[in-house]
Every structure is written in structure tokens, then in C-alpha cells.
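Source file: query-v1.pdb. Holds: PDB, C-alpha atoms and all ligand atoms.
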MODEL        1
ATOM      1  CA  MET C   1     138.885 131.621 123.625
ATOM      2  CA  THR C   2     135.607 130.708 121.927
ATOM      3  CA  ALA C   3     135.788 127.749 119.578
ATOM      4  CA  LYS C   4     135.132 128.011 115.857
ATOM      5  CA  ILE C   5     132.203 125.949 114.616
ATOM      6  CA  LEU C   6     132.511 122.724 112.612
ATOM      7  CA  ASP C   7     129.246 123.377 110.786
ATOM      8  CA  GLY C   8     127.755 120.067 109.646
ATOM      9  CA  LYS C   9     124.646 121.581 108.048
ATOM     10  CA  ALA C  10     126.589 123.973 105.797
ATOM     11  CA  THR C  11     129.103 121.249 104.907
ATOM     12  CA  LYS C  12     126.284 118.861 104.029
ATOM     13  CA  ASN C  13     124.827 121.510 101.699
ATOM     14  CA  ALA C  14     128.239 121.962 100.032
ATOM     15  CA  ILE C  15     128.509 118.184  99.496
ATOM     16  CA  PHE C  16     124.995 118.090  98.022
ATOM     17  CA  ALA C  17     125.927 120.892  95.602
ATOM     18  CA  GLU C  18     128.841 118.689  94.430
ATOM     19  CA  LEU C  19     126.590 115.633  94.092
ATOM     20  CA  GLU C  20     123.874 117.378  92.049
ATOM     21  CA  PRO C  21     125.759 117.417  88.698
ATOM     22  CA  ARG C  22     126.702 113.758  89.233
ATOM     23  CA  VAL C  23     123.020 112.862  89.725
ATOM     24  CA  ALA C  24     122.190 114.883  86.570
ATOM     25  CA  ALA C  25     124.874 112.978  84.621
ATOM     26  CA  LEU C  26     123.322 109.701  85.769
ATOM     27  CA  ALA C  27     119.856 110.943  84.718
ATOM     28  CA  ALA C  28     121.249 111.744  81.264
ATOM     29  CA  GLN C  29     122.149 108.060  81.024
ATOM     30  CA  GLY C  30     118.690 106.978  82.150
ATOM     31  CA  VAL C  31     119.653 106.131  85.745
ATOM     32  CA  THR C  32     117.953 107.528  88.849
ATOM     33  CA  PRO C  33     119.862 106.486  91.974
ATOM     34  CA  GLY C  34     117.696 104.627  94.510
ATOM     35  CA  LEU C  35     118.238 104.604  98.280
ATOM     36  CA  GLY C  36     116.626 101.764 100.212
ATOM     37  CA  THR C  37     116.061 101.728 103.974
ATOM     38  CA  VAL C  38     115.040  98.825 106.171
ATOM     39  CA  LEU C  39     113.489  99.997 109.423
ATOM     40  CA  VAL C  40     112.256  97.507 112.018
ATOM     41  CA  GLY C  41     109.953  98.568 114.835
ATOM     42  CA  ASP C  42     108.731 101.892 116.137
ATOM     43  CA  ASP C  43     111.693 103.572 117.838
ATOM     44  CA  PRO C  44     110.985 107.304 117.350
ATOM     45  CA  GLY C  45     114.702 108.192 116.924
ATOM     46  CA  SER C  46     115.212 105.577 114.194
ATOM     47  CA  HIS C  47     112.027 106.713 112.429
ATOM     48  CA  SER C  48     113.220 110.305 112.511
ATOM     49  CA  TYR C  49     116.706 109.401 111.118
ATOM     50  CA  VAL C  50     115.175 107.375 108.287
ATOM     51  CA  ARG C  51     112.737 110.189 107.479
ATOM     52  CA  MET C  52     115.637 112.679 107.286
ATOM     53  CA  LYS C  53     117.670 110.329 105.066
ATOM     54  CA  HIS C  54     114.835 110.116 102.531
ATOM     55  CA  ALA C  55     114.101 113.854 102.712
ATOM     56  CA  ASP C  56     117.796 114.565 101.950
ATOM     57  CA  SER C  57     117.857 112.085  99.073
ATOM     58  CA  GLY C  58     114.674 113.494  97.543
ATOM     59  CA  LYS C  59     116.239 116.979  97.494
ATOM     60  CA  ILE C  60     118.839 115.882  94.969
ATOM     61  CA  GLY C  61     116.665 113.564  92.900
ATOM     62  CA  ILE C  62     117.345 110.180  94.514
ATOM     63  CA  ASN C  63     114.422 107.727  94.648
ATOM     64  CA  SER C  64     113.278 106.382  98.021
ATOM     65  CA  ILE C  65     112.582 102.723  98.614
ATOM     66  CA  ARG C  66     111.255 102.184 102.145
ATOM     67  CA  ARG C  67     110.760  98.884 103.901
ATOM     68  CA  ASP C  68     109.149  99.630 107.284
ATOM     69  CA  LEU C  69     108.670  96.376 109.164
ATOM     70  CA  PRO C  70     106.895  95.371 112.409
ATOM     71  CA  SER C  71     108.998  94.978 115.578
ATOM     72  CA  ASP C  72     108.050  91.266 115.877
ATOM     73  CA  ILE C  73     109.274  90.325 112.388
ATOM     74  CA  THR C  74     111.208  87.048 112.283
ATOM     75  CA  GLN C  75     114.853  86.747 111.217
ATOM     76  CA  GLU C  76     113.771  84.717 108.172
ATOM     77  CA  LYS C  77     111.260  87.337 106.993
ATOM     78  CA  LEU C  78     113.768  90.144 107.511
ATOM     79  CA  GLU C  79     116.391  88.245 105.513
ATOM     80  CA  ALA C  80     113.830  87.794 102.706
ATOM     81  CA  VAL C  81     113.452  91.595 102.559
ATOM     82  CA  ILE C  82     117.251  91.896 102.275
ATOM     83  CA  ASP C  83     117.243  89.363  99.424
ATOM     84  CA  ASP C  84     114.541  91.422  97.636
ATOM     85  CA  LEU C  85     116.589  94.623  97.873
ATOM     86  CA  ASN C  86     119.701  92.772  96.668
ATOM     87  CA  ALA C  87     117.728  91.726  93.571
ATOM     88  CA  ASP C  88     115.946  95.065  92.933
ATOM     89  CA  PRO C  89     117.696  96.945  90.075
ATOM     90  CA  ALA C  90     116.051 100.242  91.150
ATOM     91  CA  CYS C  91     117.852 100.048  94.510
ATOM     92  CA  HIS C  92     121.506 101.061  94.111
ATOM     93  CA  GLY C  93     122.335 101.260  97.812
ATOM     94  CA  TYR C  94     120.507 100.535 101.045
ATOM     95  CA  ILE C  95     120.881 100.487 104.791
ATOM     96  CA  VAL C  96     119.439  98.546 107.679
ATOM     97  CA  GLN C  97     118.696 101.110 110.389
ATOM     98  CA  LEU C  98     120.382 100.136 113.663
ATOM     99  CA  PRO C  99     119.831  99.078 116.355
ATOM    100  CA  LEU C 100     117.560  96.155 115.485
ATOM    101  CA  PRO C 101     115.222  94.683 118.146
ATOM    102  CA  LYS C 102     117.086  92.272 120.435
ATOM    103  CA  HIS C 103     115.540  89.055 119.068
ATOM    104  CA  LEU C 104     117.161  89.718 115.664
ATOM    105  CA  ASP C 105     120.774  88.875 114.783
ATOM    106  CA  ALA C 106     122.109  92.126 113.270
ATOM    107  CA  ASN C 107     125.414  90.584 112.154
ATOM    108  CA  ARG C 108     123.634  87.900 110.134
ATOM    109  CA  VAL C 109     121.501  90.600 108.500
ATOM    110  CA  LEU C 110     124.527  92.779 107.646
ATOM    111  CA  GLU C 111     126.339  89.717 106.221
ATOM    112  CA  ARG C 112     123.474  89.209 103.787
ATOM    113  CA  ILE C 113     123.670  92.693 102.226
ATOM    114  CA  ASP C 114     125.139  92.631  98.711
ATOM    115  CA  PRO C 115     128.468  94.477  99.297
ATOM    116  CA  GLU C 116     127.959  96.454  96.060
ATOM    117  CA  LYS C 117     124.718  97.848  97.549
ATOM    118  CA  ASP C 118     126.012  98.438 101.080
ATOM    119  CA  ALA C 119     125.367 102.199 101.448
ATOM    120  CA  ASP C 120     126.386 102.161 105.134
ATOM    121  CA  GLY C 121     129.775 100.476 104.752
ATOM    122  CA  LEU C 122     128.934  98.246 107.726
ATOM    123  CA  ALA C 123     128.644  94.857 105.986
ATOM    124  CA  PRO C 124     131.570  92.519 106.767
ATOM    125  CA  VAL C 125     132.942  92.691 103.203
ATOM    126  CA  SER C 126     132.953  96.520 103.298
ATOM    127  CA  LEU C 127     134.664  96.518 106.695
ATOM    128  CA  GLY C 128     137.215  94.009 105.373
ATOM    129  CA  ARG C 129     137.894  96.255 102.379
ATOM    130  CA  LEU C 130     138.470  99.178 104.760
ATOM    131  CA  VAL C 131     140.929  97.142 106.835
ATOM    132  CA  LEU C 132     142.756  95.973 103.692
ATOM    133  CA  GLY C 133     142.832  99.468 102.155
ATOM    134  CA  GLU C 134     140.721  98.438  99.164
ATOM    135  CA  PRO C 135     138.047 100.717  97.633
ATOM    136  CA  GLY C 136     134.529 100.296  99.018
ATOM    137  CA  ALA C 137     131.700 102.146 100.769
ATOM    138  CA  LEU C 138     132.901 103.853 103.947
ATOM    139  CA  PRO C 139     130.818 103.908 107.162
ATOM    140  CA  CYS C 140     128.817 107.144 107.057
ATOM    141  CA  THR C 141     129.538 108.695 110.467
ATOM    142  CA  PRO C 142     133.357 108.220 110.425
ATOM    143  CA  TYR C 143     133.437 109.273 106.757
ATOM    144  CA  GLY C 144     131.423 112.385 107.687
ATOM    145  CA  ILE C 145     133.748 113.216 110.591
ATOM    146  CA  VAL C 146     136.837 113.010 108.352
ATOM    147  CA  GLU C 147     135.164 115.218 105.688
ATOM    148  CA  LEU C 148     134.006 117.731 108.309
ATOM    149  CA  LEU C 149     137.542 118.103 109.668
ATOM    150  CA  LYS C 150     139.267 118.249 106.262
ATOM    151  CA  ARG C 151     136.818 120.776 104.823
ATOM    152  CA  HIS C 152     137.404 123.097 107.805
ATOM    153  CA  GLY C 153     141.173 122.812 107.417
ATOM    154  CA  VAL C 154     141.800 120.853 110.640
ATOM    155  CA  GLU C 155     145.134 119.041 110.146
ATOM    156  CA  LEU C 156     144.903 115.248 110.371
ATOM    157  CA  ASN C 157     148.413 114.335 109.257
ATOM    158  CA  GLY C 158     150.311 113.454 112.435
ATOM    159  CA  ALA C 159     147.442 114.609 114.676
ATOM    160  CA  ARG C 160     146.828 112.837 117.974
ATOM    161  CA  VAL C 161     143.156 111.811 117.992
ATOM    162  CA  THR C 162     141.342 110.432 121.024
ATOM    163  CA  VAL C 163     138.079 108.658 120.221
ATOM    164  CA  VAL C 164     135.758 107.875 123.129
ATOM    165  CA  GLY C 165     133.539 104.876 122.312
ATOM    166  CA  ARG C 166     134.311 101.641 120.457
ATOM    167  CA  GLY C 167     130.991 100.954 118.720
ATOM    168  CA  ILE C 168     131.042  99.799 115.120
ATOM    169  CA  THR C 169     129.082 102.749 113.641
ATOM    170  CA  VAL C 170     131.502 105.376 115.010
ATOM    171  CA  GLY C 171     134.529 104.662 117.223
ATOM    172  CA  ARG C 172     136.052 101.451 115.945
ATOM    173  CA  THR C 173     135.563 102.303 112.270
ATOM    174  CA  LEU C 174     136.746 105.907 112.754
ATOM    175  CA  GLY C 175     140.024 104.492 114.076
ATOM    176  CA  LEU C 176     140.397 102.523 110.831
ATOM    177  CA  LEU C 177     139.751 105.572 108.627
ATOM    178  CA  LEU C 178     142.032 107.933 110.520
ATOM    179  CA  THR C 179     144.998 105.553 110.565
ATOM    180  CA  ARG C 180     144.998 105.096 106.773
ATOM    181  CA  ARG C 181     148.070 106.600 105.072
ATOM    182  CA  SER C 182     145.810 109.208 103.452
ATOM    183  CA  GLU C 183     144.792 110.580 106.891
ATOM    184  CA  ASN C 184     147.917 109.568 108.824
ATOM    185  CA  ALA C 185     146.619 110.349 112.309
ATOM    186  CA  THR C 186     147.592 108.559 115.543
ATOM    187  CA  VAL C 187     144.466 107.236 117.240
ATOM    188  CA  THR C 188     143.740 106.266 120.838
ATOM    189  CA  LEU C 189     140.445 104.397 121.149
ATOM    190  CA  CYS C 190     138.955 104.767 124.642
ATOM    191  CA  HIS C 191     136.160 102.707 126.153
ATOM    192  CA  THR C 192     134.705 101.646 129.494
ATOM    193  CA  GLY C 193     137.951  99.821 130.339
ATOM    194  CA  THR C 194     140.120 102.928 129.859
ATOM    195  CA  ARG C 195     141.942 103.699 133.125
ATOM    196  CA  ASP C 196     142.411 107.455 132.885
ATOM    197  CA  LEU C 197     140.037 108.940 130.311
ATOM    198  CA  ALA C 198     140.899 112.544 131.236
ATOM    199  CA  ALA C 199     144.608 111.954 130.539
ATOM    200  CA  GLU C 200     143.865 110.342 127.152
ATOM    201  CA  VAL C 201     141.591 113.241 126.150
ATOM    202  CA  ARG C 202     144.007 115.906 127.441
ATOM    203  CA  ARG C 203     146.839 114.868 125.114
ATOM    204  CA  ALA C 204     144.648 114.951 121.980
ATOM    205  CA  ASP C 205     144.668 117.502 119.150
ATOM    206  CA  ILE C 206     141.276 116.110 118.121
ATOM    207  CA  VAL C 207     138.666 114.551 120.435
ATOM    208  CA  VAL C 208     135.696 112.571 119.138
ATOM    209  CA  ALA C 209     133.122 111.788 121.812
ATOM    210  CA  ALA C 210     130.795 108.909 120.971
ATOM    211  CA  ALA C 211     130.157 107.377 124.388
ATOM    212  CA  GLY C 212     126.466 108.229 124.778
ATOM    213  CA  VAL C 213     127.153 109.631 128.274
ATOM    214  CA  PRO C 214     125.802 113.197 128.617
ATOM    215  CA  GLY C 215     128.530 115.761 129.338
ATOM    216  CA  ILE C 216     131.312 113.177 129.848
ATOM    217  CA  ILE C 217     133.846 115.514 128.179
ATOM    218  CA  THR C 218     134.373 118.478 130.516
ATOM    219  CA  PRO C 219     136.482 121.643 129.919
ATOM    220  CA  ASP C 220     139.310 120.555 132.276
ATOM    221  CA  MET C 221     139.895 117.453 130.095
ATOM    222  CA  VAL C 222     140.453 119.356 126.840
ATOM    223  CA  ALA C 223     143.771 120.827 125.611
ATOM    224  CA  PRO C 224     143.423 124.511 124.667
ATOM    225  CA  GLY C 225     142.821 124.802 120.913
ATOM    226  CA  ALA C 226     141.840 121.147 120.364
ATOM    227  CA  ALA C 227     139.077 120.220 117.909
ATOM    228  CA  VAL C 228     136.177 118.535 119.729
ATOM    229  CA  LEU C 229     133.449 116.603 117.927
ATOM    230  CA  ASP C 230     130.285 115.552 119.728
ATOM    231  CA  VAL C 231     128.619 112.398 118.415
ATOM    232  CA  GLY C 232     126.717 111.566 121.625
ATOM    233  CA  VAL C 233     122.961 111.219 121.488
ATOM    234  CA  SER C 234     121.143 111.092 124.825
ATOM    235  CA  HIS C 235     117.859 112.602 125.907
ATOM    236  CA  VAL C 236     117.792 114.525 129.166
ATOM    237  CA  ASP C 237     114.395 115.976 130.146
ATOM    238  CA  GLY C 238     113.253 115.340 126.562
ATOM    239  CA  LYS C 239     116.141 117.388 125.084
ATOM    240  CA  LEU C 240     118.905 116.017 122.842
ATOM    241  CA  THR C 241     122.070 116.128 124.961
ATOM    242  CA  GLY C 242     125.546 115.349 123.657
ATOM    243  CA  ASP C 243     128.684 113.938 125.303
ATOM    244  CA  VAL C 244     130.446 117.312 125.389
ATOM    245  CA  HIS C 245     129.795 119.784 128.214
ATOM    246  CA  PRO C 246     128.760 123.190 126.767
ATOM    247  CA  ASP C 247     131.666 124.980 128.548
ATOM    248  CA  VAL C 248     134.179 123.027 126.412
ATOM    249  CA  ALA C 249     133.511 125.712 123.756
ATOM    250  CA  GLU C 250     135.504 128.135 125.960
ATOM    251  CA  VAL C 251     138.647 125.969 125.735
ATOM    252  CA  ALA C 252     138.488 124.219 122.353
ATOM    253  CA  GLY C 253     139.743 125.647 119.062
ATOM    254  CA  TRP C 254     137.004 123.936 117.060
ATOM    255  CA  ILE C 255     133.737 122.392 118.174
ATOM    256  CA  SER C 256     130.953 120.549 116.361
ATOM    257  CA  PRO C 257     127.469 121.585 117.501
ATOM    258  CA  ASN C 258     125.034 118.853 118.430
ATOM    259  CA  PRO C 259     122.563 118.933 116.714
ATOM    260  CA  GLY C 260     123.940 120.428 113.498
ATOM    261  CA  GLY C 261     127.421 118.856 113.454
ATOM    262  CA  VAL C 262     128.180 115.201 112.814
ATOM    263  CA  GLY C 263     124.501 114.130 112.327
ATOM    264  CA  PRO C 264     123.983 116.017 109.034
ATOM    265  CA  MET C 265     127.393 114.766 107.854
ATOM    266  CA  THR C 266     126.294 111.154 108.450
ATOM    267  CA  ARG C 267     123.328 111.804 106.154
ATOM    268  CA  ALA C 268     125.471 113.569 103.537
ATOM    269  CA  MET C 269     127.902 110.647 103.266
ATOM    270  CA  LEU C 270     125.030 108.170 102.959
ATOM    271  CA  VAL C 271     123.714 110.089  99.941
ATOM    272  CA  SER C 272     127.256 110.252  98.558
ATOM    273  CA  ASN C 273     127.642 106.461  98.949
ATOM    274  CA  VAL C 274     124.371 105.892  97.043
ATOM    275  CA  VAL C 275     125.454 108.158  94.162
ATOM    276  CA  GLU C 276     128.795 106.287  94.033
ATOM    277  CA  ALA C 277     126.973 102.941  93.956
ATOM    278  CA  ALA C 278     124.734 104.125  91.081
ATOM    279  CA  GLU C 279     127.816 105.311  89.144
ATOM    280  CA  ARG C 280     129.506 101.950  89.772
ATOM    281  CA  SER C 281     126.422 100.103  88.519
ATOM    282  CA  ILE C 282     126.682 101.944  85.169
ATOM    283  CA  ARG C 283     130.409 101.249  84.890
ATOM    284  CA  GLY C 284     129.617  97.578  85.586
ATOM    285  CA  VAL C 285     127.093  97.462  82.721
ATOM    286  CA  GLN C 286     129.414  99.375  80.374
ATOM    287  CA  GLY C 287     132.292  97.038  81.314
ATOM    288  CA  ALA C 288     130.145  93.979  80.613
ATOM    289  CA  GLN C 289     129.203  95.427  77.176
ATOM    290  CA  GLY C 290     132.915  95.643  76.370
TER     291      GLY C 290
HETATM  292  N1  LIG C 301     122.373 101.760 109.784
HETATM  293  C1  LIG C 301     122.791 102.749 110.601
HETATM  294  N2  LIG C 301     122.195 102.900 111.777
HETATM  295  C2  LIG C 301     122.638 103.888 112.600
HETATM  296  C3  LIG C 301     123.679 104.761 112.210
HETATM  297  C4  LIG C 301     124.288 104.545 110.957
HETATM  298  O1  LIG C 301     125.232 105.259 110.548
HETATM  299  N3  LIG C 301     123.804 103.530 110.169
HETATM  300  N4  LIG C 301     124.029 105.828 113.028
HETATM  301  C5  LIG C 301     123.167 106.215 114.128
HETATM  302  C6  LIG C 301     122.039 107.129 113.801
HETATM  303  N5  LIG C 301     122.105 107.924 112.584
HETATM  304  C7  LIG C 301     122.066 107.278 111.392
HETATM  305  O2  LIG C 301     121.279 106.442 111.140
HETATM  306  C8  LIG C 301     121.921 109.344 112.598
HETATM  307  C9  LIG C 301     122.020 110.070 113.757
HETATM  308  C10 LIG C 301     121.775 111.456 113.761
HETATM  309  C11 LIG C 301     121.440 112.093 112.598
HETATM  310  C12 LIG C 301     121.121 113.555 112.552
HETATM  311  O3  LIG C 301     121.109 114.135 111.491
HETATM  312  N6  LIG C 301     120.848 114.197 113.695
HETATM  313  C13 LIG C 301     120.488 115.595 113.758
HETATM  314  C14 LIG C 301     119.578 115.839 114.940
HETATM  315  C15 LIG C 301     118.297 115.136 114.855
HETATM  316  C16 LIG C 301     117.452 115.396 116.075
HETATM  317  O4  LIG C 301     117.214 116.542 116.398
HETATM  318  O5  LIG C 301     117.046 114.401 116.696
HETATM  319  C17 LIG C 301     121.728 116.461 113.986
HETATM  320  O6  LIG C 301     122.696 115.966 114.603
HETATM  321  O7  LIG C 301     121.672 117.639 113.640
HETATM  322  C18 LIG C 301     121.379 111.376 111.431
HETATM  323  C19 LIG C 301     121.616 110.017 111.427
HETATM  324  C20 LIG C 301     122.542 104.989 114.763
HETATM  325  N7  LIG C 301     122.027 104.081 113.795
ENDMDL
END
Give the structure from this file in C-alpha cells form.
Amino acid sequence: MTAKILDGKATKNAIFAELEPRVAALAAQGVTPGLGTVLVGDDPGSHSYVRMKHADSGKIGINSIRRDLPSDITQEKLEAVIDDLNADPACHGYIVQLPLPKHLDANRVLERIDPEKDADGLAPVSLGRLVLGEPGALPCTPYGIVELLKRHGVELNGARVTVVGRGITVGRTLGLLLTRRSENATVTLCHTGTRDLAAEVRRADIVVAAAGVPGIITPDMVAPGAAVLDVGVSHVDGKLTGDVHPDVAEVAGWISPNPGGVGPMTRAMLVSNVVEAAERSIRGVQGAQG
């Protein structure tokens, strides 16, 4: 068996084609959505992700607002930048690129983001809304994974999903999305304390690998026909290397390439969150006008 491809690039393009008329409708009402990014330091990976986010946004007519800050910035100065973006009417949604340098308290920064402008869905209020089942911005990578699976016809209702990795940007929040009634999957969240990872992966219809350990998911661990998504980002000999061993493609039913799978979907859902925030801002003004 050779797995079918969960094509993140093509799916991102399809999502952009759906967003374009919504951006045009906003323009007709005098609103250009604005995406803000806060980037601290000079990590090449973070710089590249932020560059791609703005390039994507520009393609569908979203304005870019960049705040690139030195790695030795103080917590107070960083929080002042957050306050500025909260107050800037041209910025409809923004993100703080993670990770932040160690001397900064990321949770305090995320807490300060106006929840109505939280384009990443990672601020505590957004996470609380997700837990409570209330509407709000969804975290981009889990949101992208769910869209990628649904748009390729992979059944989530009743599926057994094993997620490897409990970080907030992927694993933990993906568990919250997939166990909503609308997705209705059964999720096992694995981490470094998991006793028998192979057994947990083997019983899954869908495997999401977000451990950051190159090749940790090997073909013998995967049930024939399972969908396998690779979210791992490591660099081995200067080459991007995922968590899924290449031979898994011989066993799986579906596989997401890496690059070209979940990464582009993360960017697509960020743009989608910004368009939603801009639409909400108009409804807010219209509501206030009666
Ligand atoms: N504030 C946030 N920080 C981080 C998040 C996040 O969702 N919000 N997630 C990751 C990184 N990330 C988003 O910022 C991200 C990762 C990968 C890609 C991507 O498109 N990757 C390409 C490959 C790029 C390459 O060749 O290096 C792909 O997979 O095809 C986009 C965004 C951590 N930080």
C-alpha cells in the first residue's frame, strides 16, 4: 500500500479561494483586515514562519503590521507593544511568535492580548472559550489539522486518535478540538510519561505526531490504513526532518508530507482567523449603531 497524500499546500489554496470574496466584501465596506505579528529575537525558524505568514496575508489583500523586537527586550517593553496592538484599529488580529526568549514570561504576554484580536487562539480567554464550547478563535495548528482531515474525507466521528506531544500549540489543544461533539473523536494524548507509545499508536485510526523527535513514528507502530500527520520540526544535517519515518507511507492509508502538510494549514487558519476578526469588528460597530 502507498498512502494517499494529505496535501496542505493545495488545501491552503482552496481555503484562500474561499476567503477572497470575504476580504472583497470587507473592502466594499471600507475595511482592510490587518494581521499583526510580534517577533522577538533572531531565531531563523521564527523569522521564516513570520515572513511566510505575511506573504500569505498579502496574497489575499490583508495588511501586515510587523513588530520585530530585539532579543534582550524587557517584559515591560514587550507588554507595551501588546498594549499598542490592542489599541490599534488597523490591527484586527495578531500573534506573538513562539517560543519567546527564556527571560520573558510568555503566559503573561498571552494574557495581555485582547481576546477579540487573538489570531492564534492561544490567549487564556480563547482557550477557556474552547474548553467551554463557546465561539472564539481556534489555535491555528489544531484547527488546520481538523480542516485537512475533513477536507480529504477522513472520518473523525468515532475515530480513535493518538496524539504524540502535549504542547499547547498542537497536542493539548488538538485534544480539545477533536473531542468536541462536532468532531466526536476519542483522543489519547501521549507524552514522555507514556509507558508503551507503540501500543497507543498501533490502535489509532489517526496518528498526529508532534513530539519533535525525528523518526519516532516507525512503520511497525502504525495500523494498516491509518491516517498519519507529521507535525514534527527538527533539523538533521541542516534538513527539515519530521517525526514520521519515511517508510510509514508504505503502511498508512493517508499521510501528510512534511514540509507541505500541516505547516501550510497552520498559516491558512491564521489568515482565516484574521478575516473572521475583521468581520466581527464590523458587526460590533453595526451592533453599536443599533
Ligand atoms: N504564535 C505561534 N507560534 C508558533 C506556532 C503557532 O501556531 N503560533 N506554531 C509553530 C510554528 N509555526 C507557526 O508559527 C509554523 C510552523 C511551520 C510552518 C510552515 O508552513 N512550514 C512549512 C515548511 C517551512 C520550512 O521549510 O522551514 C511546511 O510545513 O511546509 C508555518 C508555521 C511554533 N510557533
Skip Gly165 (chain C) itself and residues of its chain fewer than 3 positions away, then list as a VMD selection string all residues within 8 Å of it, counting only C-alpha atoms. chain C and resid 170 to 172 189 to 192 209 to 211
Could you spell out the hits of the PyMOL selection byres (((not hetatm)) within 8 of (chain C and resi 301)) on the shown file, as a ChimeraX atom specification? /C:8-9,45-46,48-50,52-53,95-99,120,122,139-141,169-170,231,233,240,257-267
Could you tell me, as JSON, numbers by chain, exactly which residues end up selected when the PyMOL selection byres (((chain C and resi 225) around 10) and not hetatm) is applied to this structure? {"C": [1, 2, 3, 4, 205, 206, 222, 223, 224, 226, 227, 228, 249, 250, 251, 252, 253, 254, 255]}
Leaving out Gly93 (chain C) and any residue of its chain fewer than 6 positions from it, which residues lie within 12 Å of it when counting all atoms listed in the file, given as a PyMOL selection string? chain C and resi 32-38+57+62-66+82+85-87+113-121+137+270-281
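The interatomic distance for the pair CA of Glu18 (chain C) and CA of Val146 (chain C) works out to 17.0 Å.
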Test item: axis-aligned box, all listed atoms of region 260-275 of chain C, 4 Å on each side, centre and edges in Å rounded to one decimal, as JSON:
{"center_x": 125.8, "center_y": 113.2, "center_z": 103.8, "size_x": 12.9, "size_y": 22.5, "size_z": 27.3}
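Closest approach to Gly61 (chain C) from the set C:Arg160, C:Arg129, C:Arg166, C:Arg22 is made by C:Arg22, with distances taken over only C-alpha atoms.
Shortest atom-to-atom contact with Val248 (chain C) among C:Gly215, C:Leu174, C:Pro135, C:Asp83: C:Gly215, counting only C-alpha atoms.
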